Amino acid sequence: MPSFLPYLYHTLFPPTVRYPDILLIDFGLIMAGIGLLGFMTKTRRWGWLWREWLTTVDHKKIAVMYLIAAIVMLFRGGIDAEMLRAQLALPTTKFMPAAQYDEVFTTHGTIMIFFMAMPFIFALFNAVVPLMIGARDVAFPRINAMSYWLFAFGAILFNISFVIGGSPNAGWTAYPPYTGLAFNPGPGENYYFLALIIAGMGTTMTGVNFLVTTVRMRAPGMTLMRMPMFVWSTMITSALILFAFPPLTVALAMSLFDRLFGSSFFTLTRGGMPMMYVNLFWLFGHPEVYILVIPLFGVFSEVVSTFSKKQLFGYPVMVVSMLAIMFLSYGTWVHHFFTMGAGPAVNAFFGLSTMLIAIPTGVKIFNWIFTMWGGRIQLTVAMLYQLAFIPTFVIGGASGVMLAVVPADYQFHNSYFLIAHFHNVIIGGTLFGLLSGLYYWWPKMFGMKLNERQGKVAFWLFFIGFWITFTPQYLLGLKGMTRRLYTYPIGMGWHELNVISTFGALIMGAAFVALVYNIVWSLLYGEKDLTGDPWNGRTLEWALPSPVPEYNFARIPVVHERDAWWAMKQRGQSLADLKPEDVRDVEMPRNTPIPFLLGASFFVVGFGMTFKFWPIAIMGFVGVILCILFSGFDYEDHHHLKADVIRSTEASLGRLQG
Amino acid sequence: MSQVEQPLTIDEAYNQDNDRALKFLRPRFHEEKFPTIQILGYIGSLILTFGAYFLVMDHVLPPVSLLAVILALAVMQGALQIGVFMHVREGRGLAWQIVPLYLVFLIAMGMVGMSIWIMLFKSGVS
Ligand code: HEM
Ligand SMILES: [Cu+2]
């Protein structure tokens, strides 16, 4: 036996990945993998998978892939959450050893933010933004596919850490010195840094792509102030991404250099400054929380006006307040580290700027309420999430303002009060918004409705479960329980509240099961959407059939006012009365394997660097460079969809005259 | 062509199903056979990067002047990236770029400036 094999075995499978539960999961994964391979081969699906999905550049298919990834990651992050809650309800047992608890809270936070919420948001962007603005695709379809595959392979790299090598364990914020090589020698943190750098490149590209798409690709006549609110939120989110991700990438890369190449940007020895990492991280981190919520402000604006049968109240004010939030969110990041002690002037400045953000946010809340005022409200599932969002987000925002009071934050900081705050805004704002958007746009994406009755069951479980889980955590915070604890003595007065909280988490777990059941049931038996406009919608995506044909619009519409589709319906117009001679050839992007191969090459780079297997990393780099070269010299990146093909598709949908 | 092309109205552009016909939005690009400027720019950006690296590693300057020189190199690097790789002079003309550029400077300078302000307290400690 060659002598490097035992070394390889101990590097890839150290004792930290040989807990019994992980071995069980290994076994399950292997069996599931074999089953999947067998199924795909037996039903001859490989070619289909490659042609239709892995090489696609169609924004609608990329949206579906983002969505699947996001739901899988919601499952993984949810399991992590249930494990954390189980340990906290049983603090005297060693349900999980301390080291494993650290890994689980780290992966929970990282996965939920970077690999669940972000791709879910991009799923909605991809699914509807081009349709809403009357475009045939995003501005850079190939870059869009690259973004997806960079995200996907980053996510895979992050997720394999718990079976190969060991998971990161320094929290989703990955502060030094917890990540310093001296204190944390395993490969876990390398996984974290590399996976986030790879996925982050994809995110940055998505930001550029959607910024250009919303600025440049709008149908004729759609001026800025006629854009649907979701398009505004996309534009603003993209701008936030563009400025927020570079500091993160820099901070991650510098930490990685500290670990791999012996630099000392953030180590205490040799003049490094760990606090600079904290500064850079939150320079990204605070805009990031608005990246997570502004798109959902857009979703809620669409949902509330559709289901109240009214125009959005105060559209210009909504736009201005969203822009104000965007600018202000760049000036508040120190509120995450008031206790670092940068001095009263700095803390007072950032405390005030933080409180300022609550003003435009409050303005938006009133606008949504006034949109409902006097409207004919339909209580669909999408609308229920909107209604649940308002009180939940208001309370989350109020606790945020409490945290922004600097002297008080010295008490609240890193306690369960903080945990309750950000789950309040992230679940109440982001998750409820994502689910609202999912129920609202599902018919457009898949051509059938999600069953409303089952959806309501899932909704109520989520809503009630949320409050049972997180209300006790505010109290726990006030009683002094700090975050990232895996055990505490029973006599502290914390135990009852923790048990209640865990009970709530179980209800949210049931809600997730109900959601998945709802999705699977509806895919099989759901009510087909034959009109393309099941909700009597207001924006252009509802003018198209569901699911939307590859070229989106047989003819690009002209927009004369806000809520363009609603106005057309009022005038008795539609896009379904096309004359055959109006249809022309359409230029469409051509499928390409390069984005997939680029992502795969980056995965190889990441894996090689994580374990310092340099030859592997270099192979990956060569792959990356080849992909970029091929892509750069590939001039055959589009093809012409013939008018005849479009005519026959439209005719089969009954949208062609004569 | 001597004749001045009239921009199409929205409706005309629509009737041709061709949004590129909207002349007033059509960007202008330099097209060259060989990207000489970009290659020079790439070499230039490498020189600026490694220059900063060696200045720090070899301790040739006292700290304050080192900081000043590095900041100057950073500004040059930024200008180079925007000019060469972001094609600031192409597109719909420089006038369109002024507002976004102001925003970029505002945000970037804000970030850098405030970070320095925040981290200043360390200078008394270490
Ligand atoms: C009125 C608006 C808001 C205010 C005033 C506010 C204020 C704050 C403050 C002061 C902290 C730091 C507390 C501490 O560490 O001691 C904080 C943490 C946090 N907030 Fe907010 N916040 C607001 C809205 C939001 C929104 C909309 C989100 C996300 C969608 C969000 C997500 C977070 C997260 C994730 C953290 C904790 C990060 C961590 O330490 O792991 N906040 N917030
Ligand atoms: Cu913040």
# chains A, B, ... in the order shown; residues from 1 in each chain; ligands from 1
call {"tool": "residues_near_ligand", "arguments": {"ligand": "ligand 2", "cutoff": "7 Å", "atoms": "only C-alpha atoms and all ligand atoms", "output": "list in words"}}
result
Gly285, His286, Val289, Thr332, Trp333, His335 and His336 of chain A
call {"tool": "residues_around", "arguments": {"residues": "Gly375 in chain A", "least_positions_apart": "5", "cutoff": "7 Å", "atoms": "only C-alpha atoms", "output": "PDB file with all heavy atoms, in the first residue's frame"}}
result
ATOM      1  N   SER A 308     -55.298  43.558  -3.595  1.00  0.00           N
ATOM      2  CA  SER A 308     -56.236  44.556  -3.096  1.00  0.00           C
ATOM      3  C   SER A 308     -56.988  45.180  -4.256  1.00  0.00           C
ATOM      4  O   SER A 308     -57.811  46.064  -4.053  1.00  0.00           O
ATOM      5  CB  SER A 308     -55.517  45.662  -2.321  1.00  0.00           C
ATOM      6  OG  SER A 308     -54.723  45.096  -1.320  1.00  0.00           O
ATOM      7  N   LYS A 309     -56.613  44.778  -5.491  1.00  0.00           N
ATOM      8  CA  LYS A 309     -57.238  45.320  -6.696  1.00  0.00           C
ATOM      9  C   LYS A 309     -57.120  46.839  -6.726  1.00  0.00           C
ATOM     10  O   LYS A 309     -58.064  47.553  -7.042  1.00  0.00           O
ATOM     11  CB  LYS A 309     -58.710  44.900  -6.783  1.00  0.00           C
ATOM     12  CG  LYS A 309     -58.910  43.435  -7.017  1.00  0.00           C
ATOM     13  CD  LYS A 309     -58.748  43.110  -8.484  1.00  0.00           C
ATOM     14  CE  LYS A 309     -58.478  41.637  -8.715  1.00  0.00           C
ATOM     15  NZ  LYS A 309     -57.201  41.160  -8.150  1.00  0.00           N
ATOM     16  N   LYS A 310     -55.962  47.340  -6.324  1.00  0.00           N
ATOM     17  CA  LYS A 310     -55.740  48.781  -6.323  1.00  0.00           C
ATOM     18  C   LYS A 310     -54.327  49.058  -6.772  1.00  0.00           C
ATOM     19  O   LYS A 310     -53.430  48.249  -6.578  1.00  0.00           O
ATOM     20  CB  LYS A 310     -55.928  49.362  -4.915  1.00  0.00           C
ATOM     21  CG  LYS A 310     -57.346  49.711  -4.556  1.00  0.00           C
ATOM     22  CD  LYS A 310     -57.410  50.242  -3.147  1.00  0.00           C
ATOM     23  CE  LYS A 310     -56.726  51.608  -3.035  1.00  0.00           C
ATOM     24  NZ  LYS A 310     -56.599  52.012  -1.630  1.00  0.00           N
TER      25      LYS A 310
END
call {"tool": "closest_residue", "arguments": {"among": "A:Trp442, A:Phe327, A:Trp53, A:Tyr7", "to": "chain B", "atoms": "only C-alpha atoms"}}
result
A:Phe327
call {"tool": "closest_atom_pairs", "arguments": {"of": "chain A", "to": "chain B", "cutoff": "10 Å", "atoms": "only C-alpha atoms", "output": "tab-separated table"}}
result
residue	atom	partner	partner_atom	distance
A:Arg216	CA	B:Leu25	CA	9.0
A:Met217	CA	B:Asp19	CA	8.9
A:Arg218	CA	B:Asp19	CA	9.4
A:Ala219	CA	B:Asp19	CA	7.9
A:Pro220	CA	B:Ile10	CA	6.2
A:Gly221	CA	B:Ile10	CA	7.0
A:Phe243	CA	B:Ile107	CA	8.2
A:Pro247	CA	B:Met111	CA	9.6
A:Gly271	CA	B:Ser126	CA	9.0
A:Met273	CA	B:Lys122	CA	9.1
A:Met275	CA	B:Met119	CA	8.0
A:Met276	CA	B:Met119	CA	7.4
A:Asn279	CA	B:Ser115	CA	7.1
A:Leu280	CA	B:Ser115	CA	8.3
A:Leu283	CA	B:Met111	CA	7.7
A:Phe327	CA	B:Ile107	CA	8.7
A:Tyr330	CA	B:Ile107	CA	7.8
A:Gly331	CA	B:Met111	CA	8.3
A:Val334	CA	B:Ile118	CA	8.3
A:Gly341	CA	B:Phe121	CA	8.2
A:Ala342	CA	B:Phe121	CA	5.7
A:Gly343	CA	B:Phe121	CA	7.1
A:Ala345	CA	B:Ile118	CA	9.5
A:Val346	CA	B:Ile118	CA	6.5
A:Asn347	CA	B:Ile118	CA	9.1
A:Ala554	CA	B:Asp17	CA	9.7
A:Arg555	CA	B:Asp17	CA	6.6
A:Ile556	CA	B:Asp17	CA	6.5
A:Pro557	CA	B:Tyr14	CA	7.7
A:Val558	CA	B:Tyr14	CA	6.9
A:Val559	CA	B:Ile10	CA	9.9
A:Asp582	CA	B:Asn15	CA	8.3
A:Val583	CA	B:Asp17	CA	8.7
A:Arg584	CA	B:Asp17	CA	7.8
A:Asp585	CA	B:Asp17	CA	9.9
A:Val586	CA	B:Asp17	CA	9.6
call {"tool": "closest_atom_pairs", "arguments": {"of": "chain A", "to": "ligand 1", "cutoff": "6 Å", "atoms": "only C-alpha atoms and all ligand atoms", "output": "JSON lines"}}
result
{"residue": "A:Val289", "atom": "CA", "partner": "ligand 1", "partner_atom_place_in_ligand_line": "29 (C)", "distance": 4.1}
{"residue": "A:Tyr290", "atom": "CA", "partner": "ligand 1", "partner_atom_place_in_ligand_line": "30 (C)", "distance": 5.8}
{"residue": "A:Leu292", "atom": "CA", "partner": "ligand 1", "partner_atom_place_in_ligand_line": "30 (C)", "distance": 5.3}
{"residue": "A:Val293", "atom": "CA", "partner": "ligand 1", "partner_atom_place_in_ligand_line": "30 (C)", "distance": 4.8}
{"residue": "A:His335", "atom": "CA", "partner": "ligand 1", "partner_atom_place_in_ligand_line": "10 (C)", "distance": 4.8}
{"residue": "A:His336", "atom": "CA", "partner": "ligand 1", "partner_atom_place_in_ligand_line": "12 (C)", "distance": 4.3}
{"residue": "A:Thr354", "atom": "CA", "partner": "ligand 1", "partner_atom_place_in_ligand_line": "5 (C)", "distance": 5.2}
{"residue": "A:Met355", "atom": "CA", "partner": "ligand 1", "partner_atom_place_in_ligand_line": "5 (C)", "distance": 5.2}
{"residue": "A:Ile357", "atom": "CA", "partner": "ligand 1", "partner_atom_place_in_ligand_line": "1 (C)", "distance": 5.8}
{"residue": "A:Ala358", "atom": "CA", "partner": "ligand 1", "partner_atom_place_in_ligand_line": "1 (C)", "distance": 4.1}
{"residue": "A:Gly397", "atom": "CA", "partner": "ligand 1", "partner_atom_place_in_ligand_line": "1 (C)", "distance": 3.9}
{"residue": "A:Gly400", "atom": "CA", "partner": "ligand 1", "partner_atom_place_in_ligand_line": "6 (C)", "distance": 3.6}
{"residue": "A:Val401", "atom": "CA", "partner": "ligand 1", "partner_atom_place_in_ligand_line": "5 (C)", "distance": 4.0}
{"residue": "A:Leu403", "atom": "CA", "partner": "ligand 1", "partner_atom_place_in_ligand_line": "10 (C)", "distance": 4.1}
{"residue": "A:Ala404", "atom": "CA", "partner": "ligand 1", "partner_atom_place_in_ligand_line": "10 (C)", "distance": 3.9}
{"residue": "A:Asp409", "atom": "CA", "partner": "ligand 1", "partner_atom_place_in_ligand_line": "16 (O)", "distance": 5.2}
{"residue": "A:Phe412", "atom": "CA", "partner": "ligand 1", "partner_atom_place_in_ligand_line": "16 (O)", "distance": 5.5}
{"residue": "A:His413", "atom": "CA", "partner": "ligand 1", "partner_atom_place_in_ligand_line": "16 (O)", "distance": 3.1}
{"residue": "A:Asn414", "atom": "CA", "partner": "ligand 1", "partner_atom_place_in_ligand_line": "16 (O)", "distance": 5.5}
{"residue": "A:Leu418", "atom": "CA", "partner": "ligand 1", "partner_atom_place_in_ligand_line": "13 (C)", "distance": 5.6}
{"residue": "A:Phe422", "atom": "CA", "partner": "ligand 1", "partner_atom_place_in_ligand_line": "33 (C)", "distance": 4.3}
{"residue": "A:Val425", "atom": "CA", "partner": "ligand 1", "partner_atom_place_in_ligand_line": "30 (C)", "distance": 5.0}
{"residue": "A:Ile426", "atom": "CA", "partner": "ligand 1", "partner_atom_place_in_ligand_line": "30 (C)", "distance": 4.3}
call {"tool": "closest_residue", "arguments": {"among": "A:Met65, A:Ala348, A:Ala135, A:Met205", "to": "Glu52 in chain A", "atoms": "only C-alpha atoms"}}
result
A:Met65
